[in-house]
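**Student:** Below: one structure in structure tokens.
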Amino acid sequence: GTRSSSAAPSCVLCAAGRWSNPGSGSCTHCRPGFASEPGSGDCGICAAGTSSGIGAGTCTDCAAGTWSSQGFGVCLMCPPGSMSEVGFSTGSCASCAPGRFASSFGSPVCEECAPGRWSKLGSFTCEACPAGTFITSGDRDCTPCPAGARSSSRSA
């Protein structure tokens, strides 16, 4: 974590985001997905849910709607049908639960389906219940109409 200095007969600590081998005359930038504190002899890998650019002194939490695996230099947007919170650390986005959806890339939350509509796990849209079924608020799936009742049109 130090380098020799030609201006002075002593060793100088490498700056944050740089490292050196023993006896080195120079410091090397940490590569993306790694970071180091001043005076480090190597760079540490960024944890899942964080990232760093070249020569970073610290790893930064991924923003809501993005994710990273361990050692990533950038955070990636969650695909439709999934979401993530700030610093989400599982190395991937979470699929939207049944009855919820995320319609765009980079969603920080999954929204609840409108009344009369439903969705499967990981959906990017909600659908109306098929004829002969209905859904009530809070349910996650369409239910067949009971005997003696009908639903001839799709729910709105």
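Naming works like this for the structure tokens: A, B, ... for the chains as they're shown, residue 1 at the start of each chain, ligands 1 onward in shown order.
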Could you tell me, as a PyMOL selection string, which residues of range 5-152 of chain A DSSP assigns to strand (DSSP E or B) when given the backbone?

**Tutor:** chain A and resi 11-13+18-19+28-29+34-35+44-45+50-51+60-61+66-67+76-77+82-83+94-95+100-101+111-112+117-118+127-128+133-134+143-144

**Student:** Which residues, written as a list in words, have at least one atom at most 6 Å from Ala56 in chain A, with only C-alpha atoms counted and residues fewer than 3 positions away on the same chain left out?

**Tutor:**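 Within the cut-off, the hits are Gly17, Ala35, Ser52 and Gly53 of chain A.
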
**Student:** For C-alpha atoms, I'd like the residues from the last selection saved as an mmCIF file, in the first residue's frame.

**Tutor:**
data_model
loop_
_atom_site.group_PDB
_atom_site.id
_atom_site.type_symbol
_atom_site.label_atom_id
_atom_site.label_comp_id
_atom_site.auth_asym_id
_atom_site.auth_seq_id
_atom_site.Cartn_x
_atom_site.Cartn_y
_atom_site.Cartn_z
ATOM 1 C CA GLY A 17 -8.766 3.512 -4.903
ATOM 2 C CA ALA A 35 -12.204 -0.559 -3.986
ATOM 3 C CA SER A 52 -17.589 0.936 -8.075
ATOM 4 C CA GLY A 53 -15.840 2.500 -11.032
#

**Student:** Can you pull out the residues contacting range 37-44 of chain A? Cut-off 8 Å, using only C-alpha atoms, and skip same-chain residues under 2 positions away; I want them as a PyMOL selection string.

**Tutor:** chain A and resi 1-2+13-22+30+34-35+46+57-58

**Student:** Please save C-alpha atoms of the selected residues as a PDB file, in the first residue's frame.

**Tutor:**
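The resulting file, selection-v5.pdb, is reproduced below:
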ATOM      1  CA  GLY A   1       0.000   0.000   0.000  1.00  0.00           C
ATOM      2  CA  THR A   2       2.981   2.345  -0.276  1.00  0.00           C
ATOM      3  CA  LEU A  13       0.820   5.821   1.024  1.00  0.00           C
ATOM      4  CA  CYS A  14      -1.186   4.979  -2.056  1.00  0.00           C
ATOM      5  CA  ALA A  15      -4.373   7.051  -2.285  1.00  0.00           C
ATOM      6  CA  ALA A  16      -7.844   5.549  -1.839  1.00  0.00           C
ATOM      7  CA  GLY A  17      -8.766   3.512  -4.903  1.00  0.00           C
ATOM      8  CA  ARG A  18      -5.156   2.525  -5.580  1.00  0.00           C
ATOM      9  CA  TRP A  19      -2.894  -0.293  -4.411  1.00  0.00           C
ATOM     10  CA  SER A  20       0.702  -1.457  -4.720  1.00  0.00           C
ATOM     11  CA  ASN A  21       2.866  -4.505  -4.186  1.00  0.00           C
ATOM     12  CA  PRO A  22       5.748  -4.358  -1.661  1.00  0.00           C
ATOM     13  CA  CYS A  30      -8.438  -0.613  -8.502  1.00  0.00           C
ATOM     14  CA  PHE A  34     -13.237  -3.293  -6.445  1.00  0.00           C
ATOM     15  CA  ALA A  35     -12.204  -0.559  -3.986  1.00  0.00           C
ATOM     16  CA  CYS A  46     -17.570  -4.922  -3.909  1.00  0.00           C
ATOM     17  CA  GLY A  57     -12.056   4.238  -2.688  1.00  0.00           C
ATOM     18  CA  THR A  58     -15.424   2.758  -1.674  1.00  0.00           C
TER      19      THR A  58
END

**Student:** Just to confirm, what's the straight-line distance from CA of Gly99 in chain A to CA of Gly116 in chain A in Å (one decimal)?

**Tutor:**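 Spanning CA of Gly99 in chain A to CA of Gly116 in chain A is a straight-line distance of 10.4 Å.
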
**Student:** Do you know which residues are at most 12 Å from range 106-115 of chain A counting only C-alpha atoms, after dropping those on the same chain fewer than 4 positions away, and could you put them as a ChimeraX atom specification?

**Tutor:** /A:62-67,75-88,93-102,119-129,134-142,155-156

**Student:** What does the structure give for the distance between CA of Arg31 in chain A and CA of Ser69 in chain A, in Å to one decimal?

**Tutor:**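 Pair CA of Arg31 in chain A / CA of Ser69 in chain A returns 15.4 Å.
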
**Student:** Given only C-alpha atoms as the basis, pick out the residue of A:Ala48, A:Ala131, A:Ala147, A:Cys11 nearest to Ser68 in chain A.

**Tutor:** A:Ala48
